[in-house]
$ cat run_11.txt   # compact mmCIF, C-alpha atoms
# COMPACT_ATOMS: atom_id res chain seq x y z
CA MET A 722 2.12 -28.33 -1.54
CA THR A 723 2.90 -26.18 -4.59
CA ASP A 724 1.00 -26.25 -7.88
CA LEU A 725 3.87 -28.10 -9.50
CA ASP A 726 3.77 -30.84 -6.84
CA SER A 727 0.03 -31.33 -7.29
CA VAL A 728 0.48 -31.56 -11.04
CA LEU A 729 3.30 -34.04 -10.64
CA THR A 730 1.20 -36.34 -8.37
CA ASN A 731 -1.54 -36.53 -11.05
CA GLN A 732 0.09 -39.04 -13.43
CA THR A 733 -2.59 -38.88 -16.13
CA GLN A 734 -2.35 -35.17 -16.41
CA PHE A 735 1.41 -35.40 -16.21
CA SER A 736 1.59 -37.80 -19.14
CA LEU A 737 -0.63 -35.45 -21.16
CA GLU A 738 1.36 -32.40 -20.27
CA GLU A 739 4.74 -34.13 -20.40
CA PRO A 740 5.86 -32.35 -23.59
CA TYR A 741 5.47 -28.97 -21.91
CA TYR A 742 7.71 -29.91 -19.03
CA GLN A 743 10.46 -31.37 -21.19
CA GLY A 744 13.56 -29.21 -21.22
CA VAL A 745 12.15 -26.94 -18.53
CA THR A 746 14.49 -26.49 -15.65
CA GLN A 747 13.10 -25.54 -12.29
CA PRO A 748 15.06 -22.50 -11.09
CA ALA A 749 15.95 -22.24 -7.49
CA ASP A 750 13.65 -19.96 -5.44
CA ASP A 751 16.41 -17.71 -4.17
CA GLU A 752 17.56 -17.06 -7.76
CA VAL A 753 14.14 -16.11 -9.19
CA GLN A 754 12.46 -14.05 -6.43
CA PRO A 755 14.57 -10.83 -6.47
CA PRO A 756 14.11 -10.04 -10.22
CA LYS A 757 10.32 -10.75 -9.99
CA LYS A 758 10.01 -8.35 -7.06
CA SER A 759 11.86 -5.55 -8.87
CA ASN A 760 9.72 -6.04 -12.00
CA SER A 761 6.42 -5.73 -10.12
CA LYS A 762 7.72 -2.68 -8.27
CA LYS A 763 8.70 -1.12 -11.56
CA MET A 764 5.28 -1.86 -12.98
CA LEU A 765 3.62 -0.30 -9.96
CA VAL A 766 5.69 2.86 -10.29
CA VAL A 767 4.94 3.11 -14.00
CA LEU A 768 1.22 2.57 -13.43
CA ALA A 769 1.18 5.12 -10.63
CA SER A 770 3.07 7.58 -12.83
CA ILE A 771 0.59 7.10 -15.67
CA LEU A 772 -2.30 7.57 -13.27
CA VAL A 773 -0.78 10.75 -11.86
CA LEU A 774 -0.09 11.99 -15.38
CA LEU A 775 -3.66 11.35 -16.44
CA LEU A 776 -5.00 13.09 -13.36
CA LEU A 777 -2.75 16.08 -13.98
CA LEU A 778 -3.80 16.25 -17.62
CA LEU A 779 -7.44 16.12 -16.60
CA LEU A 780 -6.88 18.88 -14.05
CA LEU A 781 -5.05 21.03 -16.60
CA ALA A 782 -7.78 20.51 -19.15
CA VAL A 783 -10.44 21.59 -16.65
CA VAL A 784 -8.46 24.65 -15.57
CA SER A 785 -7.59 25.76 -19.10
CA ARG A 786 -11.18 25.37 -20.35
CA ARG A 787 -12.59 27.56 -17.59
CA PRO A 788 -13.95 30.80 -19.23
CA VAL A 789 -11.72 33.85 -18.95
CA VAL A 790 -14.53 36.37 -18.40
CA THR A 791 -16.31 36.63 -15.09
CA PRO A 792 -19.83 35.22 -14.66
CA ASN A 793 -21.28 38.71 -14.27
CA SER A 794 -19.65 40.02 -17.43
CA PRO A 795 -22.26 41.42 -19.84
CA PHE A 796 -20.32 39.96 -22.76
CA GLN A 797 -20.60 36.45 -21.36
CA GLN A 798 -24.24 36.95 -20.53
CA GLY A 799 -24.86 37.88 -24.12
CA THR A 800 -23.04 34.86 -25.50
CA LEU A 801 -24.75 32.52 -23.09
CA GLU A 802 -28.24 33.82 -23.64
CA THR A 803 -28.05 34.26 -27.38
CA PRO A 804 -28.22 30.64 -28.61
CA THR A 805 -31.35 29.70 -26.68
CA SER A 806 -33.16 32.99 -27.14
CA VAL A 807 -32.28 33.23 -30.83
CA GLN A 808 -33.81 29.87 -31.45
CA ALA A 809 -37.03 30.78 -29.61
CA ASN A 810 -37.49 34.45 -30.55
CA PRO A 811 -34.45 36.59 -31.26
CA PHE A 812 -36.21 39.83 -30.32
CA ALA A 813 -38.26 38.76 -27.30
CA GLU A 814 -35.66 39.83 -24.75
CA ARG A 815 -35.08 43.24 -26.38
CA ILE A 816 -38.80 43.93 -26.63
CA LYS A 817 -39.26 42.96 -23.00
CA ARG A 818 -36.53 45.43 -21.95
CA LEU A 819 -38.16 48.07 -24.13
CA GLU A 820 -41.50 47.54 -22.42
CA THR A 821 -39.84 48.13 -19.05
CA GLU A 822 -38.26 51.36 -20.33
CA LEU A 823 -41.61 52.40 -21.77
CA GLU A 824 -43.18 52.09 -18.32
CA GLU A 825 -40.41 54.25 -16.88
CA ALA A 826 -40.97 56.83 -19.63
CA ASP A 827 -44.65 57.25 -18.76
CA PRO A 828 -45.21 61.05 -18.58
CA LEU A 829 -47.57 60.53 -15.64
CA ARG A 830 -44.79 58.88 -13.65
CA GLN A 831 -42.62 61.92 -12.96
CA THR A 832 -39.87 61.36 -10.42
CA LEU A 833 -38.30 64.85 -10.47
CA LEU A 834 -41.14 67.07 -9.36
CA PHE A 835 -40.76 70.80 -8.80
CA PRO A 836 -39.04 71.32 -5.41
CA PRO A 837 -41.50 71.72 -2.51
CA ILE A 838 -40.22 75.12 -1.41
CA ASP A 839 -41.59 78.41 -0.17
CA MET A 840 -40.51 80.99 -2.73
CA ASP A 841 -41.21 83.89 -0.41
CA ILE A 842 -39.08 83.47 2.71
CA ARG A 843 -38.53 86.91 4.20
CA LEU A 844 -38.63 88.48 7.64
CA ASP A 845 -39.94 91.88 6.63
CA PRO A 846 -42.78 92.36 4.16
CA MET B 1033 14.24 3.79 -6.19
CA TYR B 1034 16.33 5.10 -9.06
CA SER B 1035 13.74 4.10 -11.67
CA TYR B 1036 10.97 5.69 -9.55
CA ARG B 1037 12.83 9.01 -9.61
CA ILE B 1038 13.34 8.79 -13.33
CA ASN B 1039 9.65 8.10 -13.84
CA LEU B 1040 8.66 10.99 -11.62
CA LEU B 1041 10.98 13.28 -13.54
CA LEU B 1042 9.49 12.06 -16.80
CA VAL B 1043 5.95 12.70 -15.56
CA LEU B 1044 6.87 16.24 -14.51
CA LEU B 1045 8.52 16.96 -17.86
CA VAL B 1046 5.52 15.64 -19.80
CA CYS B 1047 3.18 17.73 -17.66
CA LEU B 1048 5.28 20.82 -18.30
CA PHE B 1049 5.27 20.29 -22.07
CA VAL B 1050 1.56 19.54 -22.14
CA SER B 1051 0.59 22.52 -19.99
CA LEU B 1052 2.53 25.08 -22.06
CA PRO B 1053 0.50 24.76 -25.27
CA LEU B 1054 -2.73 24.45 -23.28
CA ARG B 1055 -2.07 27.71 -21.49
CA ALA B 1056 -0.95 29.39 -24.69
CA GLY B 1057 -4.15 28.17 -26.34
CA ALA B 1058 -6.24 29.53 -23.52
CA GLN B 1059 -4.56 32.91 -23.91
CA SER B 1060 -4.96 32.95 -27.67
CA THR B 1061 -8.66 32.11 -27.45
CA ALA B 1062 -9.16 34.80 -24.84
CA SER B 1063 -7.42 37.58 -26.73
CA PRO B 1064 -9.94 38.09 -29.60
CA SER B 1065 -12.79 38.52 -27.17
CA SER B 1066 -10.85 40.85 -24.92
CA VAL B 1067 -11.66 43.95 -27.00
CA PRO B 1068 -15.47 43.60 -26.98
CA VAL B 1069 -15.36 42.67 -23.31
CA ASP B 1070 -13.39 45.84 -22.54
CA LEU B 1071 -15.71 47.99 -24.64
CA THR B 1072 -18.86 46.54 -23.13
CA VAL B 1073 -17.47 46.80 -19.65
CA SER B 1074 -16.37 50.41 -20.15
CA SER B 1075 -19.74 51.49 -21.55
CA THR B 1076 -21.55 49.62 -18.79
CA LEU B 1077 -19.23 51.25 -16.26
CA ARG B 1078 -20.04 54.70 -17.60
CA LYS B 1079 -23.76 53.94 -17.39
CA ASP B 1080 -23.34 52.51 -13.91
CA GLN B 1081 -21.38 55.58 -12.79
CA ALA B 1082 -24.13 57.89 -14.08
CA THR B 1083 -26.81 55.80 -12.36
CA GLU B 1084 -24.73 55.79 -9.16
CA SER B 1085 -24.29 59.58 -9.30
CA ILE B 1086 -28.01 60.07 -9.89
CA SER B 1087 -28.97 57.86 -6.95
CA GLN B 1088 -26.42 59.61 -4.69
CA LEU B 1089 -27.79 63.04 -5.67
CA ARG B 1090 -31.33 61.78 -5.12
CA GLU B 1091 -30.43 60.67 -1.62
CA LEU B 1092 -28.74 64.00 -0.91
CA TYR B 1093 -31.73 65.87 -2.30
CA LYS B 1094 -34.16 63.87 -0.14
CA SER B 1095 -32.17 64.59 3.01
CA GLN B 1096 -31.90 68.29 2.08
CA VAL B 1097 -35.67 68.47 1.59
CA GLU B 1098 -36.10 67.17 5.12
CA VAL B 1099 -33.60 69.67 6.54
CA TYR B 1100 -35.25 72.49 4.59
CA ARG B 1101 -38.74 71.54 5.85
CA SER B 1102 -37.53 71.57 9.42
CA SER B 1103 -35.81 74.96 9.02
CA ALA B 1104 -38.83 76.41 7.19
CA GLN B 1105 -40.99 75.36 10.12
CA GLN B 1106 -38.56 77.00 12.57
CA TYR B 1107 -38.60 80.16 10.43
CA SER B 1108 -42.43 80.31 10.52
CA ILE B 1109 -42.48 79.87 14.32
CA ALA B 1110 -39.73 82.44 14.91
CA LYS B 1111 -41.33 84.97 12.59
CA GLU B 1112 -44.67 84.59 14.32
CA GLN B 1113 -43.07 84.89 17.77
CA TYR B 1114 -41.30 88.07 16.78
CA ALA B 1115 -44.55 89.49 15.40
CA ASN B 1116 -46.22 88.72 18.72
CA LEU B 1117 -43.45 89.57 21.20
CA GLN B 1118 -41.53 92.35 19.39
CA THR B 1119 -38.43 91.76 21.55
CA LEU B 1120 -34.78 91.90 20.57
CA ALA B 1121 -34.34 88.24 21.52
CA ALA B 1122 -37.29 87.25 19.34
CA LEU B 1123 -35.86 89.38 16.51
CA GLU B 1124 -32.46 87.73 16.90
CA GLU B 1125 -34.08 84.30 16.71
CA ALA B 1126 -36.23 85.31 13.72
CA VAL B 1127 -33.17 86.61 11.80
CA ARG B 1128 -31.24 83.42 12.58
CA ALA B 1129 -34.16 81.16 11.57
CA THR B 1130 -34.81 83.12 8.35
CA ARG B 1131 -31.13 82.96 7.41
CA GLU B 1132 -31.14 79.20 8.04
CA ALA B 1133 -34.26 78.65 5.93
CA LEU B 1134 -32.83 80.74 3.06
CA LEU B 1135 -29.58 78.80 3.22
CA ASN B 1136 -31.23 75.38 3.24
CA ARG B 1137 -33.55 76.37 0.40
CA SER B 1138 -30.63 77.44 -1.81
CA ARG B 1139 -28.68 74.27 -0.94
CA LEU B 1140 -31.67 72.13 -1.88
CA LEU B 1141 -32.10 74.01 -5.17
CA VAL B 1142 -28.42 73.66 -6.10
CA THR B 1143 -28.68 69.89 -5.62
CA TYR B 1144 -31.95 69.82 -7.57
CA PHE B 1145 -30.31 71.61 -10.52
CA GLN B 1146 -27.37 69.20 -10.40
CA LEU B 1147 -29.81 66.29 -10.38
CA LEU B 1148 -31.71 67.71 -13.35
CA ARG B 1149 -28.46 68.24 -15.21
CA ILE B 1150 -27.10 64.74 -14.76
CA THR B 1151 -30.49 63.15 -15.52
CA ILE B 1152 -30.89 65.11 -18.76
CA THR B 1153 -27.32 64.29 -19.78
CA ASP B 1154 -28.07 60.60 -19.22
CA VAL B 1155 -31.14 60.55 -21.54
CA PRO B 1156 -29.99 59.92 -25.13
CA GLY B 1157 -33.34 60.69 -26.79
CA ILE B 1158 -33.22 64.45 -26.19
CA GLU B 1159 -32.54 66.46 -29.30
CA LEU B 1160 -28.98 67.79 -29.07
CA THR B 1161 -29.67 71.50 -29.62
CA GLN B 1162 -32.42 71.53 -27.02
CA LYS B 1163 -30.29 69.49 -24.64
CA GLN B 1164 -27.40 71.97 -24.93
CA GLN B 1165 -29.74 74.90 -24.45
CA VAL B 1166 -31.35 73.42 -21.33
CA LEU B 1167 -28.01 72.33 -19.86
CA SER B 1168 -26.62 75.82 -20.40
CA ARG B 1169 -29.63 77.37 -18.62
CA LEU B 1170 -29.33 74.86 -15.77
CA ASP B 1171 -25.61 75.63 -15.34
CA SER B 1172 -26.29 79.34 -15.32
CA MET B 1173 -29.03 79.01 -12.70
CA GLU B 1174 -26.91 76.72 -10.56
CA SER B 1175 -23.98 79.13 -10.50
CA ARG B 1176 -26.28 82.03 -9.62
CA LEU B 1177 -27.80 79.99 -6.81
CA VAL B 1178 -24.32 79.14 -5.51
CA GLN B 1179 -23.51 82.86 -5.48
CA HIS B 1180 -26.78 83.50 -3.64
CA GLN B 1181 -25.85 80.78 -1.14
CA ASP B 1182 -22.41 82.31 -0.54
CA ALA B 1183 -24.04 85.71 -0.01
CA ILE B 1184 -26.40 84.22 2.60
CA LEU B 1185 -23.41 82.69 4.42
CA ASN B 1186 -21.87 86.17 4.69
CA THR B 1187 -25.10 87.75 5.90
CA GLU B 1188 -25.83 88.26 9.58
CA THR B 1189 -28.05 91.33 9.78
CA ARG B 1190 -31.76 91.85 9.39
CA ALA B 1191 -31.22 94.22 6.43
CA GLY B 1192 -28.87 91.71 4.80
CA ILE B 1193 -31.48 88.98 5.12
CA GLY B 1194 -33.96 91.29 3.42
CA ASP B 1195 -31.49 91.82 0.55
CA ARG B 1196 -30.98 88.07 0.11
CA ALA B 1197 -34.75 87.54 -0.01
CA ASN B 1198 -35.01 90.21 -2.72
CA GLU B 1199 -32.18 88.59 -4.70
CA PHE B 1200 -34.00 85.28 -4.67
CA ALA B 1201 -37.26 86.91 -5.75
CA ALA B 1202 -35.41 88.32 -8.79
CA LEU B 1203 -34.27 84.79 -9.70
CA GLU B 1204 -37.64 83.16 -9.12
CA LYS B 1205 -39.26 83.59 -12.53
CA GLU B 1206 -36.22 82.47 -14.51
CA MET B 1207 -35.58 79.60 -12.16
CA GLU B 1208 -39.15 78.35 -12.46
CA SER B 1209 -39.04 78.59 -16.25
CA THR B 1210 -35.71 76.74 -16.39
CA ILE B 1211 -36.99 73.92 -14.18
CA TYR B 1212 -40.21 73.44 -16.16
CA GLN B 1213 -38.35 73.57 -19.46
CA ALA B 1214 -35.92 70.93 -18.20
CA LEU B 1215 -38.76 68.73 -16.94
CA ALA B 1216 -40.62 69.06 -20.26
CA ILE B 1217 -37.53 68.22 -22.31
CA LEU B 1218 -36.77 65.31 -20.02
CA SER B 1219 -40.27 63.85 -20.44
CA VAL B 1220 -40.13 64.14 -24.23
CA GLY B 1221 -36.58 62.74 -24.25
CA LYS B 1222 -37.58 59.64 -22.32
CA VAL B 1223 -40.39 58.83 -24.75
CA GLN B 1224 -38.15 59.63 -27.71
CA THR B 1225 -35.44 57.29 -26.34
CA VAL B 1226 -37.91 54.39 -26.21
CA TYR B 1227 -39.15 55.31 -29.69
CA ASP B 1228 -35.58 55.27 -31.09
CA GLN B 1229 -34.89 51.86 -29.57
CA ALA B 1230 -38.19 50.53 -30.90
CA MET B 1231 -37.25 51.79 -34.37
CA ILE B 1232 -33.92 49.92 -34.24
CA ILE B 1233 -35.72 46.71 -33.23
CA ARG B 1234 -38.25 47.18 -36.04
CA GLN B 1235 -35.44 47.55 -38.58
CA ASP B 1236 -33.68 44.48 -37.17
CA ILE B 1237 -36.88 42.44 -37.42
CA GLU B 1238 -37.32 43.58 -41.01
CA THR B 1239 -33.75 42.56 -41.89
CA TYR B 1240 -34.25 39.24 -40.13
CA HIS B 1241 -37.46 38.57 -42.07
CA GLN B 1242 -35.76 39.46 -45.35
CA THR B 1243 -33.01 36.87 -44.78
CA ALA B 1244 -35.14 34.14 -43.17
CA THR B 1245 -36.89 31.61 -45.40
CA ALA B 1246 -40.68 31.37 -45.18
CA SER B 1247 -43.66 30.39 -47.30
CA SER B 1248 -45.13 32.98 -49.64
CA LEU B 1249 -48.23 33.19 -47.43
CA ILE B 1250 -46.17 34.11 -44.36
CA GLN B 1251 -44.01 36.48 -46.40
CA ALA B 1252 -47.13 38.33 -47.54
CA GLU B 1253 -48.42 38.48 -43.97
CA ARG B 1254 -45.07 39.83 -42.78
CA ALA B 1255 -45.04 42.47 -45.52
CA ARG B 1256 -48.50 43.71 -44.54
CA ALA B 1257 -47.51 43.76 -40.85
CA HIS B 1258 -44.33 45.72 -41.61
CA THR B 1259 -46.25 48.26 -43.69
CA GLU B 1260 -48.75 48.87 -40.87
CA THR B 1261 -46.02 49.09 -38.23
CA LYS B 1262 -43.98 51.50 -40.35
CA ARG B 1263 -47.05 53.70 -40.83
CA ASN B 1264 -47.59 53.85 -37.06
CA PHE B 1265 -43.92 54.64 -36.46
CA ALA B 1266 -44.02 57.47 -38.98
CA GLU B 1267 -47.17 58.99 -37.49
CA LEU B 1268 -45.77 58.73 -33.97
CA GLN B 1269 -42.54 60.44 -35.05
CA THR B 1270 -44.57 63.27 -36.56
CA GLU B 1271 -46.50 63.69 -33.30
CA LEU B 1272 -43.32 63.64 -31.21
CA GLY B 1273 -41.74 66.08 -33.66
CA SER B 1274 -44.63 68.51 -33.23
CA VAL B 1275 -44.22 68.41 -29.43
CA LEU B 1276 -40.49 69.08 -29.81
CA THR B 1277 -41.12 71.91 -32.27
CA ARG B 1278 -43.59 73.54 -29.89
CA LEU B 1279 -41.05 73.28 -27.05
CA ALA B 1280 -38.32 74.76 -29.26
CA GLU B 1281 -40.57 77.68 -30.21
CA GLN B 1282 -41.48 78.22 -26.58
CA ALA B 1283 -37.80 78.19 -25.59
CA GLU B 1284 -37.17 81.19 -27.84
CA LYS B 1285 -39.40 83.33 -25.64
CA VAL B 1286 -38.02 84.56 -22.33
CA ASN B 1287 -39.17 82.64 -19.23
CA SER B 1288 -42.10 81.13 -21.10
CA PHE B 1289 -42.15 77.76 -19.34
CA ASN B 1290 -44.36 77.35 -16.33
CA LYS B 1291 -46.49 74.78 -14.58
CA SER B 1292 -49.43 75.01 -17.00
CA SER B 1293 -47.23 74.73 -20.11
CA TYR B 1294 -45.50 71.73 -18.56
CA GLU B 1295 -48.83 70.04 -17.81
CA ARG B 1296 -49.89 70.60 -21.41
CA THR B 1297 -46.72 68.94 -22.62
CA LEU B 1298 -47.42 65.96 -20.36
CA GLU B 1299 -50.95 65.67 -21.77
CA ASP B 1300 -49.59 65.63 -25.34
CA LEU B 1301 -46.96 63.11 -24.38
CA GLU B 1302 -49.46 60.84 -22.71
CA SER B 1303 -51.24 60.22 -26.02
CA ASN B 1304 -47.84 59.61 -27.65
CA HIS B 1305 -46.96 57.20 -24.89
CA ILE B 1306 -50.19 55.25 -25.45
CA ARG B 1307 -49.45 55.08 -29.15
CA LEU B 1308 -45.89 53.94 -28.45
CA THR B 1309 -47.30 51.14 -26.29
CA GLN B 1310 -49.39 50.08 -29.30
CA VAL B 1311 -46.38 50.23 -31.62
CA ILE B 1312 -44.29 48.08 -29.28
CA SER B 1313 -47.07 45.50 -29.09
CA TYR B 1314 -46.98 45.45 -32.92
CA LEU B 1315 -43.25 44.77 -32.70
CA SER B 1316 -43.91 41.88 -30.35
CA GLU B 1317 -46.36 40.42 -32.86
CA LEU B 1318 -43.99 41.04 -35.76
CA ALA B 1319 -41.19 39.19 -34.03
CA ARG B 1320 -43.39 36.12 -33.69
CA LEU B 1321 -44.41 36.04 -37.37
$ encode --input "run_11.txt" --output "structure tokens"
Amino acid sequence: MTDLDSVLTNQTQFSLEEPYYQGVTQPADDEVQPPKKSNSKKMLVVLASILVLLLLLLLLAVVSRRPVVTPNSPFQQGTLETPTSVQANPFAERIKRLETELEEADPLRQTLLFPPIDMDIRLDP
Amino acid sequence: MYSYRINLLLVLLVCLFVSLPLRAGAQSTASPSSVPVDLTVSSTLRKDQATESISQLRELYKSQVEVYRSSAQQYSIAKEQYANLQTLAALEEAVRATREALLNRSRLLVTYFQLLRITITDVPGIELTQKQQVLSRLDSMESRLVQHQDAILNTETRAGIGDRANEFAALEKEMESTIYQALAILSVGKVQTVYDQAMIIRQDIETYHQTATASSLIQAERARAHTETKRNFAELQTELGSVLTRLAEQAEKVNSFNKSSYERTLEDLESNHIRLTQVISYLSELARL
């Protein structure tokens, strides 16, 4: 039993909804089905196309926003570190590096000592 | 099926049009930063190359020290054996071992001079005139040692070995003076490099404080701190200057650098180094004000 048949068996509802059914012709099933099918197929294709388009756009956006410089580039390191360190203490990092260099410059920490050689190598005195 | 193809074609066309400006935009945003990236990378590369060369020479020097020690030991044994046995075979072995020890010693020294040269070149804090003078002396000594090395390679006889030993003895005083002068200049240069960098940071902090807004109380505190820090910087520069002047005066005399003069320089520098530590801790405090 179709929806229309169930509606038609309910006389009270039918009398209330009678104006809506006036002048409405029931098309034959074999005439209506093919266009409905093609419409839904079209809609599916369009929706799929839009989805693919959106996905592609998203992918392109991600790829194009990826930074050009390599992660180990000193330039990028500088630009990444600057905002946070500037807010905290703009000179802290530089002073820290300087302290390391100061340790290396300690005169008591000589790395190039005089060569450990015998200056007097000779067979005959 | 026909509409599906049309839609697919449309999607591809839209993607193509959208991707073109995006890629162009990515290129245009990358281009302004390409110059500083290249400059930073090139300067870092130069620094890395120097560091790489220094570490390679250090490794070579270490291995040559080991080879030299072994050959010096062989020389001592062979010389003693010849003194005891007095045979032709013992003499042959003693000549061979002495030649080998002389050769390995000169090889080690050539590498040591190259290492000193590249290390001094890499330290920016060395005063240019003194740097040029030391580098010139190092080059001269290195080339004379290479000549000495070539002469040893062409020597096979006992008398020849004696001549090579005499040649080296003639170089000894100048070589020792050159090495100690280079080591002294290097030590001063390292401290001076840190001082110069500290001075730049102090100036940057001062500029930063001048532009940053703060209460009058903090501004007064900063001004007092800057005055004290500047005074310490000036005094430290005077002390470093006096060490440099003494080294320059010493360099004018022939072969005046030796172990004791070098140790005196290190003692002077040690007090400067302690003061520099104090100055840098001032900078750390200044930056927090």
$ residues_around --input "run_11.txt" --residues "stretch 827-834 of chain A" --least-positions-apart "3" --cutoff "6 Å" --atoms "all atoms listed in the file" --output "ChimeraX atom specification"
/A:824 /B:1219,1298,1302
$ interface_residues --input "run_11.txt" --of "chain A" --to "chain B" --cutoff "9 Å" --atoms "all atoms listed in the file" --output "ChimeraX atom specification"
/A:763,766-767,770-771,773-774,777-778,781-782,785-790,794-797,810-813,815-817,819-820,822-823,825-829,831,833-846
$ atom_distance --input "run_11.txt" --atom1 "atom CA of B:Ala1121" --atom2 "atom CA of B:Thr1189"
13.7 Å
$ atom_distance --input "run_11.txt" --atom1 "atom CA of B:Ala1266" --atom2 "atom CA of B:Gln1282"
24.3 Å
$ atom_distance --input "run_11.txt" --atom1 "atom CA of B:Ser1175" --atom2 "atom CA of B:Arg1149"
12.7 Å
$ residues_around --input "run_11.txt" --residues "stretch 1159-1162 of chain B" --least-positions-apart "4" --cutoff "8 Å" --atoms "only C-alpha atoms" --output "list in words"
Val1166, Ile1217, Gly1221 and Ala1280 of chain B
$ residues_around --input "run_11.txt" --residues "B:Phe1289" --least-positions-apart "5" --cutoff "7 Å" --atoms "only C-alpha atoms" --output "JSON list (two decimals) with C-alpha atoms, in the frame of the given file"
[["chain", "number", "residue", "atom", "x", "y", "z"],
["B", 1209, "SER", "CA", -39.04, 78.59, -16.25],
["B", 1212, "TYR", "CA", -40.21, 73.44, -16.16],
["B", 1213, "GLN", "CA", -38.35, 73.57, -19.46],
["B", 1294, "TYR", "CA", -45.50, 71.73, -18.56]]
